[in-house]
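See structure below.
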Amino acid sequence: MHFRAVLNEEGGTLRTTDLDALSSRMRETLNAAGHELEIEVTKGSKVVDTLAKAASARSVDVVLAGGGDGTISAAAAALMGKRKALAVLPAGTMNLFARSLGVPLALDEAVSAFADGEMRNVDIATANGRPFVHQFSIGFHAKMVKLRSKMEYASRLGKIRASAKAAYSTFMNPPSMDVRLTIGDAELETRTTGIGITNNLFGEGHLPYADRPDGGVLGVYVTVAEQRGELARFVLNMARGRWRDNEQVEIHQAGKVTLELLSRRKKRDCVIDGELCAMERKTVVEIHPGALRVLAPRSQVEAEAA
């Protein structure tokens with residue numbers, strides 16, 4: 001296969017990685033398995049264009065994307081509906097989509113897994129037409145990300161510390177909003193501190209990612225906690241991967257969800273795959289089963305097929 005790697009030198013853990021050494025090891029591993037590899041190291045401001053060119057190149061079979069959540073989301077958007085496959089190099093902070101695909105979290109081990117990996121089709125979702133592979137969220141998460149974006153950090157550990165500080169500040173002064181949700185044929189109005197709509201339902205007992213990236217449904221997580229004690233239990237349960245028995249969260253599933261803000265007093269932000277965005281008053285979220293082709297470790301594909 002012909003790989004083209006796009007590495008965001010400013011994204012995720014790659015900002016502190018020796019990219020020349022990593023590139024050399026990647027070539028050695030993939031060439032030894034009979035593959036061809038081109039590598040483009042790019043700045044964050046150019047990563048979307050670079051990924052788009054890789055996705056449209058006729059000679060390329062696999063686009064190997066390395067960077068943070070934004071880089072992986074942009075790569076998936078460029079490859080949605082195409083026969084070319086996405087290989088996710090887990091260089092982000094939490095690497096949730098990579099975990100869902102069963103990709104080893106060590107960079108060298110991930111590349112080795114791609115050397116004899118298998119193609120598979122997984123789901124991708126859109127929010128008002130914008131593709132995402134993990135989550136669209138408003139409220140608590142969006143406020144936390146906005147606060148973190150004002151902090152300085154230069155490493156993965158620094159980002160984790162900044163996230164903890166931002167989460168504490170949000171916990172002490174949580175947001176609240178009135179929304180209307182249309183979930184399939186059902187409609188509900190509620191006041192909430194946060195909503196997450198995910199590309200497939202989260203698994204239990206681990207970080208928030210889908211056990212099955214081809215489950216074909218959106219997960220809708222509505223936080224009903226209002227008091228600090230309830231919010232504390234919500235955060236604790238979330239950290240432990242306890243969703244189904246979490247009394248502070250209502251869980252729904254559907255193929256399509258419409259979310260409408262009822263308050264017109266204040267502009268709101270949302271988070272799409274870790275990126276802070278201005279939220280439109282009405283957002284339509286849909287899942288697109290099997291619309292993203294990925295290169296996954298052979299062991300993971302075989303385990304899910306068993």
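Chain labels follow the order of the structure tokens: the first chain is A, the next B, and so on; residue numbering restarts at 1 in every chain, and ligands are counted from 1 in their shown order.
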
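DSSP secondary structure from the backbone places Arg228, Gly229, Glu230, Leu231, Ala232, Arg233, Phe234, Val235, Leu236, Asn237, Met238, Ala239, Arg298, Ser299, Gln300, Val301, Glu302, Ala303, Glu304 and Ala305 of chain A of range 190-305 of chain A in alpha helix (DSSP H).
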
Would you mind exporting the chosen residues as a PDB file, in the first residue's frame, restricted to C-alpha atoms?
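What follows is the written file part_9.pdb:
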```pdb
ATOM      1  CA  ARG A 228     -22.385  20.878  43.175  1.00  0.00           C
ATOM      2  CA  GLY A 229     -22.794  17.573  44.974  1.00  0.00           C
ATOM      3  CA  GLU A 230     -24.608  16.120  41.983  1.00  0.00           C
ATOM      4  CA  LEU A 231     -22.012  17.554  39.635  1.00  0.00           C
ATOM      5  CA  ALA A 232     -19.250  16.027  41.747  1.00  0.00           C
ATOM      6  CA  ARG A 233     -20.876  12.589  41.456  1.00  0.00           C
ATOM      7  CA  PHE A 234     -21.306  13.127  37.711  1.00  0.00           C
ATOM      8  CA  VAL A 235     -17.610  13.977  37.237  1.00  0.00           C
ATOM      9  CA  LEU A 236     -16.539  11.027  39.416  1.00  0.00           C
ATOM     10  CA  ASN A 237     -18.733   8.571  37.523  1.00  0.00           C
ATOM     11  CA  MET A 238     -17.555   9.953  34.192  1.00  0.00           C
ATOM     12  CA  ALA A 239     -13.916   9.513  35.216  1.00  0.00           C
ATOM     13  CA  ARG A 298      -5.496  -6.945  12.394  1.00  0.00           C
ATOM     14  CA  SER A 299      -5.952  -8.263  15.945  1.00  0.00           C
ATOM     15  CA  GLN A 300      -8.740  -5.768  16.627  1.00  0.00           C
ATOM     16  CA  VAL A 301     -10.611  -6.602  13.421  1.00  0.00           C
ATOM     17  CA  GLU A 302     -10.327 -10.323  14.122  1.00  0.00           C
ATOM     18  CA  ALA A 303     -11.469  -9.902  17.727  1.00  0.00           C
ATOM     19  CA  GLU A 304     -14.608  -7.987  16.709  1.00  0.00           C
ATOM     20  CA  ALA A 305     -15.365 -10.533  13.988  1.00  0.00           C
TER      21      ALA A 305
END
```

>> According to DSSP computed on the backbone, where in range 188-222 of chain A is there strand (DSSP E or B)? Give the residues as a PyMOL selection string.
In response: chain A and resi 188-192+194-199+202+210+218-222

Per-residue nearest contacts of range 211-276 of chain A to range 168-192 of chain A (10 Å; only C-alpha atoms) as a tab-separated table:
```
residue	atom	partner	partner_atom	distance
A:Leu218	CA	A:Ile183	CA	9.8
A:Val220	CA	A:Ile183	CA	8.5
A:Val222	CA	A:Thr192	CA	7.0
A:Thr223	CA	A:Thr192	CA	5.9
A:Val224	CA	A:Thr192	CA	5.6
A:Ala225	CA	A:Thr192	CA	7.5
A:Glu226	CA	A:Thr192	CA	7.6
A:Gln227	CA	A:Pro174	CA	9.2
A:Arg228	CA	A:Phe171	CA	7.1
A:Gly229	CA	A:Phe171	CA	10.0
A:Leu231	CA	A:Phe171	CA	7.2
A:Ala232	CA	A:Phe171	CA	7.9
A:Val235	CA	A:Phe171	CA	9.1
A:Val249	CA	A:Thr192	CA	10.0
A:His252	CA	A:Ile183	CA	7.7
A:Gln253	CA	A:Ile183	CA	7.5
A:Ala254	CA	A:Gly184	CA	5.7
A:Gly255	CA	A:Gly184	CA	7.0
A:Lys256	CA	A:Gly184	CA	6.0
A:Val257	CA	A:Ile183	CA	4.8
A:Thr258	CA	A:Thr182	CA	5.0
A:Leu259	CA	A:Leu181	CA	4.8
A:Glu260	CA	A:Arg180	CA	5.1
A:Leu261	CA	A:Val179	CA	4.7
A:Leu262	CA	A:Val179	CA	5.2
A:Ser263	CA	A:Asp178	CA	6.2
A:Arg264	CA	A:Asp178	CA	9.9
A:Lys266	CA	A:Met177	CA	9.8
A:Arg268	CA	A:Met177	CA	9.4
```

Selected residues, N, CA and C atoms, written as a JSON list (two decimals), in the first residue's frame, please.
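Written output follows (out_26.json):
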```json
[["chain", "number", "residue", "atom", "x", "y", "z"],
["A", 218, "LEU", "N", -26.13, 7.36, 17.34],
["A", 218, "LEU", "CA", -25.60, 8.44, 18.17],
["A", 218, "LEU", "C", -25.92, 8.15, 19.63],
["A", 220, "VAL", "N", -26.66, 10.07, 23.13],
["A", 220, "VAL", "CA", -27.07, 11.40, 23.58],
["A", 220, "VAL", "C", -27.03, 11.41, 25.10],
["A", 222, "VAL", "N", -27.40, 13.64, 28.40],
["A", 222, "VAL", "CA", -27.94, 14.89, 28.94],
["A", 222, "VAL", "C", -27.66, 14.95, 30.44],
["A", 223, "THR", "N", -26.87, 15.91, 30.86],
["A", 223, "THR", "CA", -26.53, 16.04, 32.27],
["A", 223, "THR", "C", -27.67, 16.73, 33.01],
["A", 224, "VAL", "N", -28.24, 16.05, 33.99],
["A", 224, "VAL", "CA", -29.35, 16.62, 34.75],
["A", 224, "VAL", "C", -28.88, 17.13, 36.12],
["A", 225, "ALA", "N", -27.60, 16.97, 36.43],
["A", 225, "ALA", "CA", -27.06, 17.46, 37.70],
["A", 225, "ALA", "C", -27.09, 18.98, 37.72],
["A", 226, "GLU", "N", -27.49, 19.57, 38.85],
["A", 226, "GLU", "CA", -27.52, 21.02, 39.00],
["A", 226, "GLU", "C", -26.71, 21.49, 40.20],
["A", 227, "GLN", "N", -26.85, 20.78, 41.33],
["A", 227, "GLN", "CA", -26.12, 21.16, 42.53],
["A", 227, "GLN", "C", -24.69, 20.64, 42.45],
["A", 228, "ARG", "N", -23.80, 21.26, 43.23],
["A", 228, "ARG", "CA", -22.38, 20.88, 43.17],
["A", 228, "ARG", "C", -22.17, 19.43, 43.59],
["A", 229, "GLY", "N", -22.94, 18.97, 44.57],
["A", 229, "GLY", "CA", -22.79, 17.57, 44.97],
["A", 229, "GLY", "C", -23.14, 16.62, 43.85],
["A", 231, "LEU", "N", -23.05, 17.40, 40.66],
["A", 231, "LEU", "CA", -22.01, 17.55, 39.63],
["A", 231, "LEU", "C", -20.76, 16.78, 40.01],
["A", 232, "ALA", "N", -20.43, 16.77, 41.29],
["A", 232, "ALA", "CA", -19.25, 16.03, 41.75],
["A", 232, "ALA", "C", -19.42, 14.54, 41.46],
["A", 235, "VAL", "N", -19.01, 13.97, 37.67],
["A", 235, "VAL", "CA", -17.61, 13.98, 37.24],
["A", 235, "VAL", "C", -16.90, 12.70, 37.68],
["A", 249, "VAL", "N", -27.08, 11.55, 34.64],
["A", 249, "VAL", "CA", -27.08, 11.62, 33.18],
["A", 249, "VAL", "C", -28.24, 10.81, 32.61],
["A", 252, "HIS", "N", -29.77, 8.59, 25.78],
["A", 252, "HIS", "CA", -30.66, 8.23, 24.70],
["A", 252, "HIS", "C", -29.81, 7.79, 23.51],
["A", 253, "GLN", "N", -30.45, 7.23, 22.50],
["A", 253, "GLN", "CA", -29.74, 6.89, 21.28],
["A", 253, "GLN", "C", -30.67, 7.08, 20.09],
["A", 254, "ALA", "N", -30.09, 7.48, 18.96],
["A", 254, "ALA", "CA", -30.88, 7.74, 17.76],
["A", 254, "ALA", "C", -29.94, 7.88, 16.58],
["A", 255, "GLY", "N", -30.51, 7.88, 15.39],
["A", 255, "GLY", "CA", -29.71, 8.12, 14.20],
["A", 255, "GLY", "C", -29.59, 9.59, 13.86],
["A", 256, "LYS", "N", -30.53, 10.40, 14.41],
["A", 256, "LYS", "CA", -30.55, 11.83, 14.14],
["A", 256, "LYS", "C", -31.06, 12.58, 15.36],
["A", 257, "VAL", "N", -30.42, 13.69, 15.68],
["A", 257, "VAL", "CA", -30.81, 14.50, 16.83],
["A", 257, "VAL", "C", -30.81, 15.97, 16.42],
["A", 258, "THR", "N", -31.86, 16.69, 16.82],
["A", 258, "THR", "CA", -31.89, 18.14, 16.61],
["A", 258, "THR", "C", -31.84, 18.82, 17.97],
["A", 259, "LEU", "N", -30.91, 19.74, 18.14],
["A", 259, "LEU", "CA", -30.72, 20.45, 19.40],
["A", 259, "LEU", "C", -30.96, 21.93, 19.14],
["A", 260, "GLU", "N", -31.86, 22.53, 19.91],
["A", 260, "GLU", "CA", -32.20, 23.94, 19.72],
["A", 260, "GLU", "C", -32.08, 24.68, 21.04],
["A", 261, "LEU", "N", -31.32, 25.77, 21.04],
["A", 261, "LEU", "CA", -31.20, 26.62, 22.23],
["A", 261, "LEU", "C", -32.46, 27.46, 22.36],
["A", 262, "LEU", "N", -33.05, 27.49, 23.56],
["A", 262, "LEU", "CA", -34.28, 28.24, 23.77],
["A", 262, "LEU", "C", -34.02, 29.64, 24.28],
["A", 263, "SER", "N", -32.91, 29.86, 24.96],
["A", 263, "SER", "CA", -32.58, 31.19, 25.46],
["A", 263, "SER", "C", -31.89, 32.00, 24.37],
["A", 264, "ARG", "N", -32.29, 33.24, 24.20],
["A", 264, "ARG", "CA", -31.68, 34.11, 23.20],
["A", 264, "ARG", "C", -30.82, 35.20, 23.83],
["A", 266, "LYS", "N", -27.83, 34.95, 25.33],
["A", 266, "LYS", "CA", -26.38, 34.80, 25.35],
["A", 266, "LYS", "C", -25.92, 33.85, 24.26],
["A", 268, "ARG", "N", -23.60, 30.99, 22.72],
["A", 268, "ARG", "CA", -23.03, 29.78, 23.31],
["A", 268, "ARG", "C", -21.94, 29.21, 22.42]]
```

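Every protein, DNA or RNA residue with an atom at most 9 Å from Ile72 in chain A, where only C-alpha atoms count and chain neighbours fewer than 5 positions away do not, is listed here: Ala65, Gly66, Gly67, Ala77, Leu86, Val88, Leu89, Gly92, Phe97, Val133 and Asp273 of chain A.
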
Sorted per-residue table, range 198-248 of chain A near range 102-109 of chain A, closest atoms and distance, 12 Å, only C-alpha atoms, as JSON lines:
```
{"residue": "A:Tyr209", "atom": "CA", "partner": "A:Gly102", "partner_atom": "CA", "distance": 11.0}
{"residue": "A:Ala210", "atom": "CA", "partner": "A:Gly102", "partner_atom": "CA", "distance": 10.5}
{"residue": "A:Asp211", "atom": "CA", "partner": "A:Gly102", "partner_atom": "CA", "distance": 9.0}
{"residue": "A:Arg212", "atom": "CA", "partner": "A:Gly102", "partner_atom": "CA", "distance": 10.0}
{"residue": "A:Pro213", "atom": "CA", "partner": "A:Gly102", "partner_atom": "CA", "distance": 10.0}
```

>> Need to verify the contact set: Gly117 in chain A, 8 Å, only C-alpha atoms, exclusion of same-chain residues closer than 3 positions in sequence. Can you return it as a count of residues only?
In response: 6

>> Quick one: residues within 9 Å of Arg4 in chain A, only C-alpha atoms, excluding same-chain residues fewer than 2 positions away - as a ChimeraX atom specification?
In response: /A:2,6,36-40,54,60-65

Residues of the last selection are to be written out with N, CA and C atoms, as an mmCIF file, in the first residue's frame.
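Everything below was put into result-v1.cif:
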```cif
data_model
loop_
_atom_site.group_PDB
_atom_site.id
_atom_site.type_symbol
_atom_site.label_atom_id
_atom_site.label_comp_id
_atom_site.auth_asym_id
_atom_site.auth_seq_id
_atom_site.Cartn_x
_atom_site.Cartn_y
_atom_site.Cartn_z
ATOM 1 N N HIS A 2 0.296 2.317 -0.507
ATOM 2 C CA HIS A 2 0.990 3.599 -0.538
ATOM 3 C C HIS A 2 0.432 4.475 0.585
ATOM 4 N N VAL A 6 0.715 12.648 7.256
ATOM 5 C CA VAL A 6 0.638 14.091 7.492
ATOM 6 C C VAL A 6 0.792 14.297 8.996
ATOM 7 N N GLU A 36 4.891 1.632 0.662
ATOM 8 C CA GLU A 36 5.549 2.896 0.339
ATOM 9 C C GLU A 36 5.059 3.957 1.320
ATOM 10 N N LEU A 37 5.946 4.886 1.645
ATOM 11 C CA LEU A 37 5.584 5.923 2.606
ATOM 12 C C LEU A 37 6.150 7.269 2.194
ATOM 13 N N GLU A 38 5.266 8.257 2.104
ATOM 14 C CA GLU A 38 5.658 9.661 1.993
ATOM 15 C C GLU A 38 5.298 10.328 3.315
ATOM 16 N N ILE A 39 6.108 11.278 3.726
ATOM 17 C CA ILE A 39 5.824 11.979 4.979
ATOM 18 C C ILE A 39 5.860 13.483 4.739
ATOM 19 N N GLU A 40 4.808 14.163 5.179
ATOM 20 C CA GLU A 40 4.752 15.619 5.125
ATOM 21 C C GLU A 40 4.577 16.138 6.548
ATOM 22 N N ALA A 54 -3.689 15.153 0.371
ATOM 23 C CA ALA A 54 -3.379 13.729 0.537
ATOM 24 C C ALA A 54 -4.604 12.872 0.231
ATOM 25 N N VAL A 60 -2.400 7.513 -3.446
ATOM 26 C CA VAL A 60 -2.424 7.243 -2.000
ATOM 27 C C VAL A 60 -3.536 6.262 -1.657
ATOM 28 N N ASP A 61 -3.197 5.245 -0.882
ATOM 29 C CA ASP A 61 -4.179 4.281 -0.362
ATOM 30 C C ASP A 61 -4.586 4.603 1.068
ATOM 31 N N VAL A 62 -3.614 5.080 1.866
ATOM 32 C CA VAL A 62 -3.850 5.335 3.281
ATOM 33 C C VAL A 62 -3.277 6.697 3.656
ATOM 34 N N VAL A 63 -4.089 7.529 4.305
ATOM 35 C CA VAL A 63 -3.607 8.786 4.877
ATOM 36 C C VAL A 63 -3.360 8.535 6.357
ATOM 37 N N LEU A 64 -2.105 8.633 6.765
ATOM 38 C CA LEU A 64 -1.720 8.404 8.158
ATOM 39 C C LEU A 64 -1.616 9.775 8.820
ATOM 40 N N ALA A 65 -2.569 10.088 9.700
ATOM 41 C CA ALA A 65 -2.657 11.419 10.304
ATOM 42 C C ALA A 65 -2.116 11.400 11.720
#
```

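Of the residues under consideration (A:Val145, A:Ala127, A:Ile138, A:Ala32), A:Ala32 shows the shortest atom-to-atom contact distance to Ser112 in chain A when counting only C-alpha atoms.
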